[in-house]
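Below is one structure, written out as structure tokens; the observations come after it.
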Amino acid sequence: MSDLTNIIKKEMKELLTPGSVASVLIMVILFACLGGIIGEEVEKNTAVPVMGIANFEGQDVDTVSGEWNAYDALRDIYLKAGVKEADLDKYIIKMDKDNLYSDLASSDASFALVLDDDFKKDVESEKQGVIEQYYIYQPAGMLSGTVSATVANYMVSQLNSDLSSMLIGSEEEKEYIKFLTTPINGATTYTYVNGEPNKDVTPSDISNKLTGQTMFIPMIIMIIIMMVGSIVISSMGSEKENKTLETLLTLPIKRTTIVTGKIIAAAAVGLIFGLAYMLGMSFYLDSLTSVSAAASQGVDLSKLGLVLGPTDYLLVMVSMFLAITCALGICMILGAFAKNYKSAQTMTLPLSILAIIPMFITMFSGWYSSNIALKIVLFIIPFSHPMMAMDALMNNDVTLVLAGIAYMAVFALVAIFITVKLYSSDILITGLGQNKYVEMLKGLGKKKKHTE
Amino acid sequence: MVDALVLRDVRKSYGQREAVHGVSLTVKEGEVFGLIGHNGAGKTTMLRMISTLLKITSGTIEVYGKDVAKEPDAVRELISYLPEDAGAYKDMTGRGYLTFMANFFASKADKDEMIAKGIELADLGERIDSKIDTYSKGMKRRLLIARAIMTSPKLAILDEVTSGLDVINAYEIREVIRQIAQSGVTIVMSSHNMFEVDMVCDRVGMVDQGNLIELGTPEELKQKYGKDTLEEVFVTAVKGA
């Protein structure tokens, strides 16, 4: 067995303990369960709504086109939405106006429409008829309340247009009224994507379709970097605390072998844990993005040229690999200053901040919408580049991706160079307290005080 | 007799503070050499420089003719260092730890022999297959000494090897050191336990504030100062220094 294999094996054994594996598995299961619950809620809110209607009997409105009844009109709306006739009573529940609360509470209906006692009389005398909406407040999360109110308003507007067309009468008159109310048709949209105009597509349709990707990729990269970083720094802290590092450094093995072994093992374990989190997170995010994705089902990204080819994926992978290497380089440097396991834990903070900043910027703003200051911040932090790579490649901006790769390569080389230097210096053993430069600085401080 | 370890005017500074002031000494092959001094006297710094862990500010250190500063890799082939309060990887078993260490030194055939030697030296019985986390301090120290010696180093460097151990465990560890010394390994050990050094070491170097203030066999030093114990010699030497 080579020295490198021996170190990698030891590191991986230390990192993949039953405790660490169990904690990751629990997180994955929690994410998956949370995703399931949210998915169920979303499904509930996007399914055909159940509603109640009261006080519609005996309120058939006489129109030039015949009699109009609110209940029958609602049945037609549901039939057009694909509900079978036999199931209509499950979706439109007849309720008693005097017992509305109990009827609403005991049913699955999320709202009820109640016709005013004078509805028929008012409409026939060319006055607006009143239909009231009733809800029961339940602290059921952010989706349910909004969705039921939207659906109720939609039903009222459908009833409005249905009754309106009955009141107008002939088709010619209907067309004329339609022209009078909406003389301008502004429904046709075009969106330029990479310079090409695309009909009936809006930027928000594209954003909705890409929501999964724009949220998912930065989060996963952030998790992998934080995971890998925490592993390396903790491993260094633990080695120092147990004084195993001193023993390791006096063995007949090259310092570069120790550094490489630690980096490879941490990267491998970090990737395993990261992939596990990715799996759990995908369940969670799928449920969050299903609503927006459903809203933009008509958008075909491949027709818009917003898909990546094999070369693009290769560039994204190179970008990710270099970002992880940069993270490991930073961690090896930070880990060298850790006194023990506990202090090592606090040292992961700078890395976490460096990973979180680009994640939020790319999720909420992105490279192209950012101002120059944010762009500088994004470019300097190496972890931003894989987060931005997919968007940039879809935007045919290969230059940004290549510049990021070149920057990260230089960053990683510098970080590894510093790490190897640190491993060959006294700092690893004595810490910063006894470093000659720190001592010199202290000396300068004392001298200054003395002269004052 | 071959010189196992030679220090020539060795100095170590941290910024403007000098921790070791021009120490020179020679340890012959097969000798058990003890460095004694109070806490912070500079013993550990000297041992860490010999072990290639700390850089030497000036002067030279040679281990069997190899310069520590110029040929650290070659020196690491010859030495075995046991730091003060050293630990082992807690999640490993005693056997797993010895195997991990043996992998750095030996081929497959030699490795089995090396591990068997380590297990014999550790003398932990069935507990060799228990996790190190469950070991007492004495058991851990036995395992670590076994690790340091099983590789047959030419020079073993042991820093405060019995510190924090109870009487029985300390006695047993001293017995192990005697056995190792009889097998021809050169030992450099540090301690602030004068009784232990008197019992185990062939020659002694007394360190105070980074200076080597006395050098000789325990008997020579006792005669020189007209004292019965090394402890009395040390106190007198330090006060007179």
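Naming scheme: A, B, ... for chains in displayed order of the structure tokens; residues 1 onward per chain; ligands 1 onward as shown.
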Quick one: everything within 10 Å of His192 (chain B), counting only C-alpha atoms, minus sequence neighbours fewer than 6 positions away in the same chain. Send it as a PyMOL selection string. chain B and resi 34-39+41+43+160+162-163+206+231
Save out the residues we just selected, N, CA and C atoms, as a PDB file, in the first residue's frame.
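Writing done, so here's part39.pdb:
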```
ATOM      1  N   GLY B  34      19.252  11.482  28.838  1.00  0.00           N
ATOM      2  CA  GLY B  34      18.107  12.193  29.413  1.00  0.00           C
ATOM      3  C   GLY B  34      18.309  13.692  29.441  1.00  0.00           C
ATOM      4  N   LEU B  35      17.271  14.421  28.998  1.00  0.00           N
ATOM      5  CA  LEU B  35      17.303  15.888  29.113  1.00  0.00           C
ATOM      6  C   LEU B  35      16.395  16.238  30.269  1.00  0.00           C
ATOM      7  N   ILE B  36      16.952  16.892  31.295  1.00  0.00           N
ATOM      8  CA  ILE B  36      16.097  17.256  32.410  1.00  0.00           C
ATOM      9  C   ILE B  36      16.044  18.764  32.592  1.00  0.00           C
ATOM     10  N   GLY B  37      14.900  19.185  33.082  1.00  0.00           N
ATOM     11  CA  GLY B  37      14.705  20.620  33.270  1.00  0.00           C
ATOM     12  C   GLY B  37      13.257  20.856  33.647  1.00  0.00           C
ATOM     13  N   HIS B  38      13.004  22.049  34.194  1.00  0.00           N
ATOM     14  CA  HIS B  38      11.623  22.324  34.588  1.00  0.00           C
ATOM     15  C   HIS B  38      10.782  22.653  33.359  1.00  0.00           C
ATOM     16  N   ASN B  39       9.474  22.846  33.582  1.00  0.00           N
ATOM     17  CA  ASN B  39       8.585  23.160  32.466  1.00  0.00           C
ATOM     18  C   ASN B  39       9.026  24.461  31.793  1.00  0.00           C
ATOM     19  N   ALA B  41      11.727  24.914  30.021  1.00  0.00           N
ATOM     20  CA  ALA B  41      13.183  25.098  29.995  1.00  0.00           C
ATOM     21  C   ALA B  41      13.753  25.024  28.580  1.00  0.00           C
ATOM     22  N   LYS B  43      13.316  21.900  26.696  1.00  0.00           N
ATOM     23  CA  LYS B  43      13.553  20.482  26.350  1.00  0.00           C
ATOM     24  C   LYS B  43      12.762  20.076  25.097  1.00  0.00           C
ATOM     25  N   GLU B 160       8.790  13.416  27.697  1.00  0.00           N
ATOM     26  CA  GLU B 160       7.997  13.249  28.929  1.00  0.00           C
ATOM     27  C   GLU B 160       7.160  11.968  28.859  1.00  0.00           C
ATOM     28  N   THR B 162       6.601   9.430  30.744  1.00  0.00           N
ATOM     29  CA  THR B 162       5.765   8.905  31.835  1.00  0.00           C
ATOM     30  C   THR B 162       4.912   9.986  32.500  1.00  0.00           C
ATOM     31  N   SER B 163       4.870  11.163  31.886  1.00  0.00           N
ATOM     32  CA  SER B 163       4.143  12.247  32.576  1.00  0.00           C
ATOM     33  C   SER B 163       2.652  11.926  32.668  1.00  0.00           C
ATOM     34  N   MET B 206      21.370  18.772  31.731  1.00  0.00           N
ATOM     35  CA  MET B 206      20.441  19.601  32.502  1.00  0.00           C
ATOM     36  C   MET B 206      20.196  20.912  31.769  1.00  0.00           C
ATOM     37  N   GLU B 231      18.052  15.176  41.853  1.00  0.00           N
ATOM     38  CA  GLU B 231      17.153  16.303  42.129  1.00  0.00           C
ATOM     39  C   GLU B 231      17.917  17.428  42.853  1.00  0.00           C
TER      40      GLU B 231
END
```
Please identify every residue of chain B that has at least one atom no more than 6 Å from any atom of chain A, counting only C-alpha atoms, and report them as an mmCIF file with C-alpha atoms, in the first residue's frame.
```cif
data_model
loop_
_atom_site.group_PDB
_atom_site.id
_atom_site.type_symbol
_atom_site.label_atom_id
_atom_site.label_comp_id
_atom_site.auth_asym_id
_atom_site.auth_seq_id
_atom_site.Cartn_x
_atom_site.Cartn_y
_atom_site.Cartn_z
ATOM 1 C CA TYR B 14 10.747 32.991 18.093
ATOM 2 C CA GLY B 15 11.011 36.528 16.841
ATOM 3 C CA LEU B 54 10.830 22.838 14.115
ATOM 4 C CA ARG B 76 12.890 10.809 9.477
ATOM 5 C CA GLU B 77 13.906 7.365 8.168
ATOM 6 C CA ALA B 86 0.660 12.141 22.353
ATOM 7 C CA GLY B 87 -2.599 10.575 21.338
ATOM 8 C CA ALA B 88 -3.655 8.061 18.752
ATOM 9 C CA PHE B 104 4.582 3.567 6.107
#
```
Shell of 10 Å around Gly205 (chain B), only C-alpha atoms, local chain residues under 5 positions omitted, as a ChimeraX atom specification: /B:25,33-37,43,190,211-218,221
Deliver the residues from the most recent selection as a file, using C-alpha atoms, as a short mmCIF file (atom, residue, chain, number, x, y, z; two decimals), in the first residue's frame.
```
data_model
loop_
_atom_site.label_atom_id
_atom_site.label_comp_id
_atom_site.auth_asym_id
_atom_site.auth_seq_id
_atom_site.Cartn_x
_atom_site.Cartn_y
_atom_site.Cartn_z
CA LEU B 25 26.10 17.90 22.93
CA PHE B 33 20.35 10.15 27.17
CA GLY B 34 18.11 12.19 29.41
CA LEU B 35 17.30 15.89 29.11
CA ILE B 36 16.10 17.26 32.41
CA GLY B 37 14.71 20.62 33.27
CA LYS B 43 13.55 20.48 26.35
CA SER B 190 13.11 14.34 28.29
CA ASN B 211 20.87 26.70 28.30
CA LEU B 212 22.58 23.36 28.79
CA ILE B 213 23.98 23.90 32.28
CA GLU B 214 25.36 20.43 33.05
CA LEU B 215 26.27 17.29 31.15
CA GLY B 216 27.45 13.91 32.44
CA THR B 217 26.48 10.57 33.95
CA PRO B 218 24.19 10.71 36.99
CA LEU B 221 27.04 14.89 38.47
#
```
Could you pull out the alpha helix (DSSP H) residues of region 48-203 of chain B, going by DSSP on the backbone, and write them as an MDAnalysis selection string? chainID B and resid 48:50 72:78 94:102 108:122 137:150 167:182 194:200
Rank nothing, just name the residue among A:Thr362, A:Gln133, A:Asn198, A:Ser319 nearest to Met51 (chain A), using only C-alpha atoms.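 The answer is A:Gln133, which sits nearest to Met51 (chain A).
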Neighbour list for Asp123 (chain B) as an NGL selection string, cut-off 10 Å, only C-alpha atoms, skip fewer than 3 positions in-chain: :B and (117-120 or 126-128 or 139 or 142-143 or 146)
Could you pull out the strand (DSSP E or B) residues of region 25-243 of chain A from DSSP and send them as JSON, numbers by chain? {"A": [51, 52, 53, 54, 61, 62, 63, 66, 67, 68, 92, 93, 94, 95, 111, 112, 113, 114, 115, 131, 132, 133, 134, 190, 191, 192, 193, 196, 197, 198, 199]}
For CA of Ile231 (chain A) and CA of Ile405 (chain A), the interatomic separation in Å (one decimal): 24.4 Å
When you look at region 64-73 of chain B with a cut-off of 8 Å (counting only C-alpha atoms), what residues show up, excluding the ones that are within fewer than 2 positions of it in the same chain? I need them as a list in words.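 The residues satisfying every condition are Pro252, Ile253 and Lys254 of chain A; Val2, Asp3, Ala4, Leu5, Met49, Ile50, Ser51, Thr52, Lys55, Ile56, Thr60, Ile61, Glu62, Val75, Arg76 and Glu77 of chain B.
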Could those residues be written to a file, using N, CA and C atoms, as a PDB file, in the first residue's frame?
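Everything below was put into out_39.pdb:
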```pdb
ATOM      1  N   PRO A 252       8.467   8.887   7.958  1.00  0.00           N
ATOM      2  CA  PRO A 252       9.199   9.079   6.694  1.00  0.00           C
ATOM      3  C   PRO A 252       8.260   9.204   5.490  1.00  0.00           C
ATOM      4  N   ILE A 253       7.398  10.209   5.522  1.00  0.00           N
ATOM      5  CA  ILE A 253       6.520  10.489   4.384  1.00  0.00           C
ATOM      6  C   ILE A 253       6.628  11.968   4.039  1.00  0.00           C
ATOM      7  N   LYS A 254       6.470  12.241   2.750  1.00  0.00           N
ATOM      8  CA  LYS A 254       6.608  13.625   2.297  1.00  0.00           C
ATOM      9  C   LYS A 254       5.411  14.453   2.763  1.00  0.00           C
TER      10      LYS A 254
ATOM     11  N   VAL B   2      29.928   4.999  17.468  1.00  0.00           N
ATOM     12  CA  VAL B   2      29.379   5.960  16.497  1.00  0.00           C
ATOM     13  C   VAL B   2      28.586   7.059  17.212  1.00  0.00           C
ATOM     14  N   ASP B   3      28.662   8.281  16.665  1.00  0.00           N
ATOM     15  CA  ASP B   3      27.833   9.367  17.209  1.00  0.00           C
ATOM     16  C   ASP B   3      26.418   9.243  16.639  1.00  0.00           C
ATOM     17  N   ALA B   4      25.454   9.036  17.523  1.00  0.00           N
ATOM     18  CA  ALA B   4      24.064   8.923  17.058  1.00  0.00           C
ATOM     19  C   ALA B   4      23.465  10.303  16.841  1.00  0.00           C
ATOM     20  N   LEU B   5      23.806  11.220  17.748  1.00  0.00           N
ATOM     21  CA  LEU B   5      23.217  12.556  17.674  1.00  0.00           C
ATOM     22  C   LEU B   5      24.264  13.599  18.057  1.00  0.00           C
ATOM     23  N   MET B  49      13.245  20.050  17.373  1.00  0.00           N
ATOM     24  CA  MET B  49      14.228  20.387  16.325  1.00  0.00           C
ATOM     25  C   MET B  49      14.933  19.113  15.846  1.00  0.00           C
ATOM     26  N   ILE B  50      15.260  18.234  16.809  1.00  0.00           N
ATOM     27  CA  ILE B  50      15.918  16.972  16.426  1.00  0.00           C
ATOM     28  C   ILE B  50      14.978  16.145  15.538  1.00  0.00           C
ATOM     29  N   SER B  51      13.670  16.235  15.846  1.00  0.00           N
ATOM     30  CA  SER B  51      12.677  15.412  15.126  1.00  0.00           C
ATOM     31  C   SER B  51      12.240  16.015  13.799  1.00  0.00           C
ATOM     32  N   THR B  52      12.845  17.105  13.375  1.00  0.00           N
ATOM     33  CA  THR B  52      12.545  17.807  12.117  1.00  0.00           C
ATOM     34  C   THR B  52      11.222  18.587  12.157  1.00  0.00           C
ATOM     35  N   LYS B  55      12.134  24.315  12.766  1.00  0.00           N
ATOM     36  CA  LYS B  55      13.340  24.737  12.052  1.00  0.00           C
ATOM     37  C   LYS B  55      14.387  25.254  13.055  1.00  0.00           C
ATOM     38  N   ILE B  56      15.654  24.977  12.747  1.00  0.00           N
ATOM     39  CA  ILE B  56      16.742  25.432  13.620  1.00  0.00           C
ATOM     40  C   ILE B  56      17.105  26.861  13.194  1.00  0.00           C
ATOM     41  N   THR B  60      23.882  23.407  14.013  1.00  0.00           N
ATOM     42  CA  THR B  60      23.528  22.207  13.232  1.00  0.00           C
ATOM     43  C   THR B  60      23.163  21.055  14.158  1.00  0.00           C
ATOM     44  N   ILE B  61      22.300  20.190  13.629  1.00  0.00           N
ATOM     45  CA  ILE B  61      21.970  18.940  14.326  1.00  0.00           C
ATOM     46  C   ILE B  61      22.181  17.814  13.319  1.00  0.00           C
ATOM     47  N   GLU B  62      22.922  16.788  13.755  1.00  0.00           N
ATOM     48  CA  GLU B  62      23.127  15.627  12.874  1.00  0.00           C
ATOM     49  C   GLU B  62      22.639  14.375  13.568  1.00  0.00           C
ATOM     50  N   VAL B  75      16.563  11.901   7.749  1.00  0.00           N
ATOM     51  CA  VAL B  75      16.556  11.832   9.221  1.00  0.00           C
ATOM     52  C   VAL B  75      15.289  11.122   9.702  1.00  0.00           C
ATOM     53  N   ARG B  76      14.165  11.425   9.056  1.00  0.00           N
ATOM     54  CA  ARG B  76      12.890  10.809   9.477  1.00  0.00           C
ATOM     55  C   ARG B  76      12.887   9.288   9.270  1.00  0.00           C
ATOM     56  N   GLU B  77      13.776   8.820   8.374  1.00  0.00           N
ATOM     57  CA  GLU B  77      13.906   7.365   8.168  1.00  0.00           C
ATOM     58  C   GLU B  77      14.583   6.709   9.379  1.00  0.00           C
TER      59      GLU B  77
END
```
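Coordinates place CA of Ile157 (chain B) at a distance of 19.0 Å from CA of Arg11 (chain B).
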List as JSON, numbers by chain the protein and nucleic acid residues near region 167-169 of chain A, meaning an atom at most 9 Å away when only C-alpha atoms are counted, but skip any in the same chain fewer than 4 places from it. {"A": [62, 63, 64, 65, 66, 162, 163, 173, 174, 177]}
Since we have the selection now, will you write its residues out, keeping C-alpha atoms, as a PDB file, in the first residue's frame?
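Result went into part23.pdb, see below:
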```
ATOM      1  CA  ASP A  62     -84.470  35.988 -17.155  1.00  0.00           C
ATOM      2  CA  THR A  63     -82.230  37.156 -20.022  1.00  0.00           C
ATOM      3  CA  VAL A  64     -82.703  37.738 -23.759  1.00  0.00           C
ATOM      4  CA  SER A  65     -80.907  34.431 -24.355  1.00  0.00           C
ATOM      5  CA  GLY A  66     -82.950  32.449 -21.818  1.00  0.00           C
ATOM      6  CA  ASP A 162     -71.231  34.087 -18.577  1.00  0.00           C
ATOM      7  CA  LEU A 163     -74.199  36.149 -17.353  1.00  0.00           C
ATOM      8  CA  GLU A 173     -73.612  42.419 -30.252  1.00  0.00           C
ATOM      9  CA  LYS A 174     -71.300  40.337 -28.129  1.00  0.00           C
ATOM     10  CA  ILE A 177     -69.332  44.899 -26.818  1.00  0.00           C
TER      11      ILE A 177
END
```
Report the distance between CA of Lys90 (chain B) and CA of Thr134 (chain B) in Å, rounded to one decimal place. 8.3 Å
Do you know which residues are at most 6 Å from Asp116 (chain A) counting only C-alpha atoms, after dropping those on the same chain fewer than 2 positions away, and could you put them as an mmCIF file with C-alpha atoms, in the first residue's frame?
```
data_model
loop_
_atom_site.group_PDB
_atom_site.id
_atom_site.type_symbol
_atom_site.label_atom_id
_atom_site.label_comp_id
_atom_site.auth_asym_id
_atom_site.auth_seq_id
_atom_site.Cartn_x
_atom_site.Cartn_y
_atom_site.Cartn_z
ATOM 1 C CA ASP A 118 -82.299 40.268 -4.261
ATOM 2 C CA PHE A 119 -79.787 38.954 -6.798
ATOM 3 C CA VAL A 130 -74.404 40.801 -5.402
ATOM 4 C CA ILE A 131 -72.527 37.541 -4.822
#
```
